[in-house]
>>> print(open('entry-v9.cif').read())   # mmCIF, C-alpha atoms
data_upload
#
loop_
_atom_site.label_atom_id
_atom_site.label_comp_id
_atom_site.auth_asym_id
_atom_site.auth_seq_id
_atom_site.Cartn_x
_atom_site.Cartn_y
_atom_site.Cartn_z
CA MET Z 1476 69.95 60.80 126.12
CA CYS Z 1477 72.18 60.53 123.11
CA SER Z 1478 74.96 63.03 122.67
CA ALA Z 1479 74.92 65.48 119.81
CA PRO Z 1480 77.65 65.02 117.22
CA LYS Z 1481 80.72 67.11 117.92
CA GLN Z 1482 80.31 70.48 116.22
CA THR Z 1483 83.23 71.73 114.18
CA PRO Z 1484 83.35 75.11 112.52
CA THR Z 1485 82.94 75.44 108.79
CA LEU Z 1486 86.25 76.88 107.63
CA PRO Z 1487 87.32 78.33 104.30
CA ALA Z 1488 89.19 75.68 102.30
CA HIS Z 1489 92.64 77.28 102.53
CA VAL Z 1490 92.68 77.70 106.30
CA ASP Z 1491 95.52 75.81 108.00
CA VAL Z 1492 94.38 74.97 111.54
CA THR Z 1493 97.92 74.12 112.56
CA LYS Z 1494 98.68 77.85 112.12
CA GLU Z 1495 95.34 79.53 112.80
CA THR Z 1496 93.94 79.90 116.30
CA VAL Z 1497 90.24 79.42 115.66
CA ILE Z 1498 87.90 80.31 118.52
CA TYR Z 1499 84.39 79.16 117.70
CA GLY Z 1500 81.13 77.94 119.15
CA VAL Z 1501 77.40 78.42 119.44
CA VAL Z 1502 75.46 81.12 121.27
CA SER Z 1503 72.38 79.62 122.86
CA HIS Z 1504 69.43 80.59 125.02
CA ALA Z 1505 69.18 79.14 128.52
CA ASP Z 1506 66.92 76.38 127.09
CA GLY Z 1507 69.66 75.36 124.65
CA SER Z 1508 68.08 76.79 121.49
CA PRO Z 1509 70.53 78.65 119.24
CA VAL Z 1510 70.57 82.45 119.05
CA PRO Z 1511 70.93 83.77 115.51
CA ALA Z 1512 71.93 87.42 114.91
CA ALA Z 1513 73.74 87.85 118.23
CA TYR Z 1514 76.74 90.20 118.18
CA VAL Z 1515 79.85 88.42 119.47
CA ARG Z 1516 82.95 90.52 120.23
CA LEU Z 1517 86.46 89.26 120.70
CA LEU Z 1518 88.39 91.39 123.20
CA ASP Z 1519 92.14 91.11 123.76
CA SER Z 1520 93.82 90.62 127.14
CA SER Z 1521 93.60 94.37 127.81
CA GLY Z 1522 89.87 94.35 127.06
CA GLU Z 1523 90.31 96.13 123.73
CA PHE Z 1524 88.07 95.27 120.77
CA THR Z 1525 89.68 92.90 118.27
CA ALA Z 1526 86.79 91.73 116.12
CA GLU Z 1527 83.05 91.25 116.03
CA VAL Z 1528 80.84 88.81 114.19
CA VAL Z 1529 77.11 88.15 113.99
CA THR Z 1530 75.96 84.60 114.72
CA SER Z 1531 74.54 82.54 111.88
CA ALA Z 1532 71.06 81.05 111.68
CA THR Z 1533 72.39 78.14 113.75
CA GLY Z 1534 73.90 80.46 116.38
CA ASP Z 1535 77.47 79.81 115.25
CA TYR Z 1536 80.33 82.28 115.51
CA ARG Z 1537 84.03 81.99 114.63
CA PHE Z 1538 87.22 84.05 115.07
CA PHE Z 1539 90.74 83.72 113.75
CA ALA Z 1540 92.80 84.90 116.71
CA ALA Z 1541 96.29 84.11 117.98
CA PRO Z 1542 97.49 82.25 121.08
CA GLY Z 1543 96.64 84.26 124.19
CA VAL Z 1544 93.88 85.11 126.62
CA TRP Z 1545 90.73 86.46 125.04
CA THR Z 1546 87.30 87.55 126.21
CA LEU Z 1547 84.12 86.90 124.27
CA SER Z 1548 81.31 89.40 124.80
CA VAL Z 1549 77.84 88.77 123.43
CA MET Z 1550 75.09 91.34 122.80
CA HIS Z 1551 71.57 90.44 121.73
CA LYS Z 1552 68.21 92.05 122.27
CA ASP Z 1553 67.31 89.14 124.60
CA GLY Z 1554 70.40 89.40 126.78
CA SER Z 1555 74.18 89.44 127.02
CA THR Z 1556 77.05 87.40 128.40
CA ARG Z 1557 80.87 87.33 128.62
CA LYS Z 1558 83.38 84.50 128.78
CA GLU Z 1559 87.17 84.30 129.03
CA VAL Z 1560 88.97 81.94 126.67
CA HIS Z 1561 92.54 80.67 127.06
CA ALA Z 1562 94.00 79.75 123.69
CA LEU Z 1563 97.36 78.22 124.51
CA GLU Z 1564 98.38 77.27 120.99
CA PRO Z 1565 97.02 77.31 117.41
CA GLY Z 1566 94.15 74.96 116.63
CA LEU Z 1567 90.41 74.79 117.22
CA ILE Z 1568 89.17 76.17 120.52
CA GLU Z 1569 85.47 75.76 121.21
CA ALA Z 1570 83.65 78.13 123.52
CA ALA Z 1571 79.91 77.71 124.04
CA LEU Z 1572 78.11 80.87 125.11
CA SER Z 1573 74.74 80.93 126.88
CA LEU Z 1574 72.63 84.06 127.27
CA MET F 937 80.67 119.88 109.54
CA SER F 938 79.01 118.89 112.74
CA ARG F 939 77.19 115.94 114.20
CA ALA F 940 73.77 117.13 113.00
CA ASP F 941 75.07 117.39 109.42
CA ALA F 942 76.61 113.93 109.40
CA LEU F 943 74.58 111.58 111.62
CA VAL F 944 70.95 110.62 112.03
CA SER F 945 69.48 108.62 114.89
CA ALA F 946 67.55 105.39 114.53
CA ASP F 947 64.42 107.23 115.71
CA TRP F 948 64.85 109.85 113.00
CA ALA F 949 65.37 107.10 110.44
CA GLU F 950 62.23 105.26 111.49
CA GLU F 951 60.20 108.47 111.16
CA ASN F 952 61.62 109.19 107.70
CA LEU F 953 61.42 105.81 105.99
CA ASN F 954 58.91 107.17 103.48
CA THR F 955 60.07 110.76 103.26
CA PRO F 956 60.51 111.78 99.60
CA GLY F 957 64.10 112.63 98.78
CA VAL F 958 65.52 110.42 101.55
CA VAL F 959 67.22 107.24 100.32
CA PHE F 960 68.44 104.57 102.73
CA VAL F 961 71.43 102.58 101.52
CA GLU F 962 72.83 99.48 103.22
CA VAL F 963 76.54 98.73 102.74
CA ASP F 964 77.99 95.54 104.20
CA GLU F 965 81.04 93.40 104.23
CA ASP F 966 78.75 90.39 104.53
CA THR F 967 76.49 91.32 101.66
CA SER F 968 74.06 88.49 102.46
CA ALA F 969 72.99 90.47 105.54
CA TYR F 970 70.82 92.75 103.40
CA ASP F 971 69.01 89.81 101.82
CA GLY F 972 68.14 88.42 105.26
CA GLY F 973 66.34 91.64 106.14
CA HIS F 974 67.02 95.34 105.61
CA ILE F 975 65.51 98.66 106.56
CA ALA F 976 62.31 99.04 104.56
CA GLY F 977 62.98 100.74 101.24
CA ALA F 978 66.77 100.59 101.56
CA VAL F 979 68.84 99.74 98.49
CA LYS F 980 72.01 97.66 98.73
CA LEU F 981 75.56 98.56 97.79
CA ASP F 982 78.16 95.81 97.69
CA TRP F 983 81.42 97.44 98.73
CA LYS F 984 83.44 94.83 96.88
CA THR F 985 81.63 94.59 93.55
CA ASP F 986 79.95 98.01 93.36
CA LEU F 987 82.63 100.24 94.85
CA GLN F 988 85.87 98.52 93.72
CA ASP F 989 87.23 98.25 90.21
CA GLN F 990 86.99 94.56 89.35
CA VAL F 991 90.42 94.34 87.68
CA ARG F 992 92.95 96.74 89.14
CA ARG F 993 93.02 97.75 92.81
CA ASP F 994 91.24 101.09 92.86
CA PHE F 995 87.84 102.64 93.09
CA VAL F 996 85.32 102.64 90.30
CA SER F 997 85.68 105.59 87.95
CA LYS F 998 83.51 108.68 88.11
CA GLU F 999 81.52 107.36 85.13
CA GLN F 1000 81.03 103.96 86.78
CA PHE F 1001 79.94 105.66 90.00
CA GLU F 1002 77.44 107.75 88.04
CA LYS F 1003 76.08 104.62 86.38
CA LEU F 1004 75.86 102.78 89.72
CA LEU F 1005 73.96 105.52 91.51
CA SER F 1006 71.71 106.13 88.52
CA GLU F 1007 70.77 102.44 88.43
CA LYS F 1008 70.16 102.38 92.17
CA GLY F 1009 67.77 105.31 91.81
CA ILE F 1010 69.84 107.79 93.79
CA GLY F 1011 69.63 111.38 92.58
CA ASN F 1012 72.08 114.23 93.07
CA ASP F 1013 69.66 116.04 95.37
CA ASP F 1014 68.68 113.02 97.46
CA ALA F 1015 69.62 112.81 101.13
CA VAL F 1016 71.50 109.51 101.31
CA ILE F 1017 71.37 107.73 104.68
CA LEU F 1018 74.02 105.03 104.88
CA TYR F 1019 74.06 102.16 107.35
CA GLY F 1020 75.50 98.68 107.58
CA GLY F 1021 77.00 95.92 109.66
CA ASN F 1022 80.44 95.78 111.32
CA ASN F 1023 79.60 98.85 113.40
CA ASN F 1024 79.09 100.88 110.22
CA TRP F 1025 82.65 100.29 108.93
CA PHE F 1026 81.60 99.86 105.33
CA ALA F 1027 78.84 102.44 105.62
CA ALA F 1028 81.48 104.93 106.82
CA TYR F 1029 83.66 103.84 103.92
CA ALA F 1030 80.77 104.49 101.53
CA TYR F 1031 80.12 107.83 103.23
CA TRP F 1032 83.72 108.86 102.58
CA TYR F 1033 83.40 107.51 99.03
CA PHE F 1034 80.22 109.53 98.37
CA LYS F 1035 82.05 112.62 99.64
CA LEU F 1036 85.04 111.74 97.46
CA TYR F 1037 82.76 111.92 94.42
CA GLY F 1038 81.10 115.09 95.66
CA HIS F 1039 77.69 113.99 96.93
CA GLN F 1040 76.51 116.80 99.19
CA ASP F 1041 73.78 115.36 101.36
CA VAL F 1042 74.95 112.12 102.88
CA LYS F 1043 74.62 110.98 106.48
CA LEU F 1044 75.32 107.91 108.56
CA LEU F 1045 72.67 106.13 110.60
CA ASP F 1046 74.20 106.16 114.09
CA GLY F 1047 74.73 102.59 115.27
CA GLY F 1048 73.99 101.09 111.86
CA ARG F 1049 72.41 97.66 111.54
CA LYS F 1050 73.54 96.62 114.96
CA LYS F 1051 71.69 99.22 116.98
CA TRP F 1052 68.68 98.80 114.72
CA GLU F 1053 68.64 95.05 115.48
CA LEU F 1054 69.45 95.43 119.18
CA ASP F 1055 66.53 97.88 119.44
CA GLY F 1056 64.32 95.21 117.85
CA ARG F 1057 63.33 97.54 115.01
CA GLU F 1058 61.65 96.17 111.92
CA LEU F 1059 63.56 94.70 108.98
CA SER F 1060 62.05 93.92 105.60
CA LYS F 1061 62.81 91.24 103.02
CA ASP F 1062 60.89 93.03 100.27
CA THR F 1063 62.68 93.63 96.99
CA VAL F 1064 63.41 97.31 96.60
CA SER F 1065 63.47 99.04 93.26
CA ARG F 1066 63.67 102.75 92.66
CA PRO F 1067 63.20 104.58 89.38
CA ALA F 1068 66.54 105.20 87.67
CA THR F 1069 68.10 108.64 87.77
CA SER F 1070 70.78 110.46 85.79
CA TYR F 1071 73.36 110.90 88.50
CA LYS F 1072 76.28 113.26 87.89
CA ALA F 1073 79.38 112.83 90.03
CA LYS F 1074 82.20 115.31 90.54
CA ASP F 1075 85.90 114.63 90.10
CA GLN F 1076 87.48 112.90 93.11
CA ASP F 1077 88.16 115.27 95.99
CA THR F 1078 91.66 114.07 96.82
CA SER F 1079 91.85 116.44 99.78
CA ILE F 1080 90.33 113.55 101.73
CA ARG F 1081 92.23 110.66 100.08
CA ALA F 1082 95.87 109.82 100.84
CA PHE F 1083 98.08 107.70 98.60
CA ARG F 1084 101.15 105.72 99.56
CA ASP F 1085 103.87 108.25 98.71
CA GLU F 1086 102.19 110.94 100.74
CA THR F 1087 101.83 108.48 103.60
CA ILE F 1088 105.53 107.55 103.52
CA ASP F 1089 106.43 111.26 103.40
CA ALA F 1090 104.21 111.84 106.43
CA ILE F 1091 106.35 109.67 108.72
CA GLY F 1092 107.53 111.86 111.57
CA LYS F 1093 105.82 114.93 110.07
CA LYS F 1094 102.06 114.50 110.03
CA ASN F 1095 99.78 112.63 112.36
CA LEU F 1096 99.52 109.03 111.27
CA VAL F 1097 96.67 107.28 113.00
CA ASP F 1098 96.59 103.51 112.84
CA VAL F 1099 93.03 102.58 113.80
CA ARG F 1100 93.48 98.81 113.84
CA SER F 1101 93.30 96.77 117.01
CA PRO F 1102 96.38 96.76 119.29
CA ASP F 1103 97.27 93.22 118.19
CA GLU F 1104 97.25 94.22 114.52
CA PHE F 1105 99.26 97.36 115.35
CA SER F 1106 101.90 95.33 117.17
CA GLY F 1107 102.11 92.78 114.37
CA LYS F 1108 100.63 89.89 116.36
CA LEU F 1109 97.62 89.72 114.02
CA LEU F 1110 97.56 90.56 110.30
CA ALA F 1111 93.82 91.04 109.96
CA PRO F 1112 90.82 91.65 112.20
CA ALA F 1113 90.11 88.36 113.91
CA HIS F 1114 86.91 87.56 112.02
CA LEU F 1115 89.18 86.87 109.03
CA PRO F 1116 91.88 84.21 108.50
CA GLN F 1117 95.35 85.46 109.41
CA GLU F 1118 97.44 84.07 106.59
CA GLN F 1119 98.44 87.09 104.52
CA SER F 1120 101.28 87.95 102.21
CA GLN F 1121 102.22 91.30 103.71
CA ARG F 1122 104.40 91.91 106.77
CA GLY F 1123 102.94 92.61 110.19
CA GLY F 1124 103.46 95.80 112.18
CA HIS F 1125 102.75 99.50 111.67
CA ILE F 1126 104.08 102.65 110.03
CA PRO F 1127 106.76 104.25 112.23
CA THR F 1128 105.51 107.21 114.32
CA ALA F 1129 101.87 106.15 113.90
CA LEU F 1130 99.60 106.50 116.90
CA ASN F 1131 97.41 103.49 117.64
CA VAL F 1132 93.88 104.69 118.29
CA PRO F 1133 91.62 101.71 117.53
CA TRP F 1134 88.46 102.76 115.69
CA SER F 1135 86.46 100.97 118.39
CA LYS F 1136 87.42 103.60 120.96
CA ALA F 1137 85.36 106.09 118.94
CA ALA F 1138 82.23 103.97 119.27
CA ASN F 1139 80.01 102.67 122.01
CA GLU F 1140 79.37 98.95 122.22
CA ASP F 1141 76.02 99.36 120.42
CA GLY F 1142 77.88 100.85 117.46
CA THR F 1143 76.86 104.49 118.01
CA PHE F 1144 79.55 107.16 117.99
CA LYS F 1145 80.78 108.56 121.28
CA SER F 1146 80.03 112.19 122.14
CA ASP F 1147 82.11 115.00 120.65
CA ASP F 1148 83.67 115.66 124.05
CA ASP F 1149 84.65 112.01 124.47
CA LEU F 1150 86.07 111.91 120.95
CA ARG F 1151 88.10 115.08 121.47
CA ALA F 1152 89.50 113.67 124.72
CA LEU F 1153 90.27 110.34 123.04
CA TYR F 1154 92.44 111.85 120.31
CA ALA F 1155 94.02 114.45 122.58
CA ASP F 1156 94.99 111.78 125.11
CA ALA F 1157 96.46 109.66 122.31
CA GLY F 1158 98.72 112.56 121.34
CA LEU F 1159 97.06 113.73 118.12
CA ASP F 1160 98.43 117.18 117.27
CA THR F 1161 95.50 118.96 115.63
CA SER F 1162 97.77 121.70 114.30
CA LYS F 1163 99.17 119.10 111.89
CA GLU F 1164 97.59 117.25 108.99
CA THR F 1165 96.34 113.76 109.72
CA ILE F 1166 96.29 110.53 107.73
CA ALA F 1167 94.24 107.62 109.07
CA TYR F 1168 94.80 104.05 107.94
CA CYS F 1169 93.77 100.51 108.86
CA ARG F 1170 94.00 97.30 106.83
CA ILE F 1171 91.88 98.08 103.75
CA GLY F 1172 90.60 101.59 104.50
CA GLU F 1173 87.17 100.84 105.92
CA ARG F 1174 87.84 101.19 109.65
CA SER F 1175 89.94 104.27 108.94
CA SER F 1176 86.91 105.74 107.14
CA HIS F 1177 85.12 105.37 110.48
CA THR F 1178 87.89 107.35 112.19
CA TRP F 1179 88.07 109.84 109.31
CA PHE F 1180 84.34 110.35 109.85
CA ALA F 1181 84.83 110.96 113.58
CA LEU F 1182 87.68 113.44 113.05
CA HIS F 1183 86.58 115.23 109.87
CA GLU F 1184 82.80 115.09 109.99
CA LEU F 1185 81.97 114.98 113.71
CA LEU F 1186 84.83 117.01 115.19
CA GLY F 1187 85.30 119.23 112.13
CA GLU F 1188 89.06 118.72 111.84
CA GLU F 1189 89.88 120.04 108.38
CA ASN F 1190 93.04 118.34 107.18
CA VAL F 1191 92.25 114.67 107.59
CA LYS F 1192 92.75 112.08 104.87
CA ASN F 1193 91.95 108.41 104.64
CA TYR F 1194 94.72 106.19 103.25
CA ASP F 1195 92.57 103.52 101.60
CA GLY F 1196 95.61 101.51 100.44
CA SER F 1197 96.22 101.02 104.16
CA TRP F 1198 98.16 98.11 105.59
CA THR F 1199 97.45 95.69 102.73
CA GLU F 1200 99.37 98.11 100.51
CA TYR F 1201 101.93 99.52 102.94
CA GLY F 1202 102.77 96.13 104.47
CA SER F 1203 103.53 94.79 100.97
CA LEU F 1204 105.79 97.64 99.80
CA VAL F 1205 109.45 96.86 99.26
CA GLY F 1206 111.87 98.85 101.34
CA VAL F 1207 109.55 100.98 103.47
CA PRO F 1208 110.17 101.22 107.22
CA ILE F 1209 108.01 99.12 109.53
CA GLU F 1210 107.85 99.00 113.30
CA LYS F 1211 106.89 95.75 114.95
CA ASP F 1212 106.36 95.11 118.63
CA VAL F 1213 106.17 91.32 118.80
#
>>> encode(input="entry-v9.cif", output="structure tokens")
Amino acid sequence: MCSAPKQTPTLPAHVDVTKETVIYGVVSHADGSPVPAAYVRLLDSSGEFTAEVVTSATGDYRFFAAPGVWTLSVMHKDGSTRKEVHALEPGLIEAALSL
Amino acid sequence: MSRADALVSADWAEENLNTPGVVFVEVDEDTSAYDGGHIAGAVKLDWKTDLQDQVRRDFVSKEQFEKLLSEKGIGNDDAVILYGGNNNWFAAYAYWYFKLYGHQDVKLLDGGRKKWELDGRELSKDTVSRPATSYKAKDQDTSIRAFRDETIDAIGKKNLVDVRSPDEFSGKLLAPAHLPQEQSQRGGHIPTALNVPWSKAANEDGTFKSDDDLRALYADAGLDTSKETIAYCRIGERSSHTWFALHELLGEENVKNYDGSWTEYGSLVGVPIEKDV
């Protein structure tokens, strides 16, 4: 089985990834197919809401956070999931989420 | 005001999609959301191009608002039901904006797009056109809109409610984390402001919490309801959500939304700022 090319987020042109802490990834079903229109929340280390995005047609989501410990929480009519993310420093941090 | 005057449920909305005199209006930050599917019959408002002056930073004028609503086919006597993405942030902003220009019958769809989608309710891609009207707006009701000088004067005197996330309040983040963080203004908050994130007023499906929960939330945060209140966030949309909770759901009378919010305050020369990081 060949490996899929490494996914990188599509970023606005002016974004400096040496300064931004970008947490991104794909929400997928258990069979690996992407989940569009899922609601992904970014919660801070106290569990408080920080931001929410809706996944794209390809299941992608993206946040501009800061170094720290974050929790991703996904809601969709087909299911939900949560995942903790440790962002130690600025840069691209990928977190795949499976319903 | 009370909940029944200001909110409708998704069930009510579904039963009234074709009711004459009821107009559904979607308002989004991501304005492509509407094009991918909207509530049947709903018209779209773009908060950035339709509701903001395109040159200076301010709202559209009364005459421009009249022209906009007339073109969208919204009449003075129509019941306007607003909904949108981002947990109804921009729908709440539009609600406040409609009230600012004196529209009487306007309500929010509780839970907005999110609850509608999570419920698996139907969305339509049909083009919507409504016959034009001759809408007449009133002069701005500035009893619900705060400007910067009033906000600075309110430090230590009125309730200032910063409804951004704790990390924006502390100065760790400059914008909600779905947006890039590089900004020109300083981070932090207005001294003496309480931090009551807008999200605490909503359930995870985007619906508003009960009146009892909301009252307890603001009481526990130290909001003194005998004083006037000014709510702010980054650009005035999340604080519209909190203004809605306080003024429309709980019936608190002296509540204003500071739409200049942090993007204005955090850029002012010489004003005090508190920062926790």
>>> atom_distance(input="entry-v9.cif", atom1="atom CA of Lys980 of chain F", atom2="atom CA of Ala1027 of chain F")
10.8 Å
>>> resolve_selection(input="entry-v9.cif", expression="the PyMOL selection byres ((chain Z) within 8 of (chain F))", output="NGL selection string")
:Z and (1490 or 1495 or 1514 or 1517 or 1519 or 1523-1528 or 1537-1541 or 1550-1552)
>>> resolve_selection(input="entry-v9.cif", expression="the PyMOL selection byres ((chain F and resi 1124) around 7)", output="NGL selection string")
:F and (1104-1107 or 1122-1123 or 1125 or 1209-1211)
>>> closest_residue(input="entry-v9.cif", among="F:Val996, F:Val1213, F:Leu1182, F:Ile1017", to="Leu1153 of chain F", atoms="all atoms listed in the file")
F:Leu1182
>>> closest_residue(input="entry-v9.cif", among="Z:Ser1573, Z:Ser1520, Z:Gly1507, Z:Asp1535", to="Thr1556 of chain Z", atoms="all atoms listed in the file")
Z:Ser1573
>>> residues_around(input="entry-v9.cif", residues="Phe1144 of chain F", least_positions_apart="2", cutoff="8 Å", atoms="only C-alpha atoms", output="number ranges by chain")
F: 1046-1047, 1137-1139, 1142, 1146, 1181
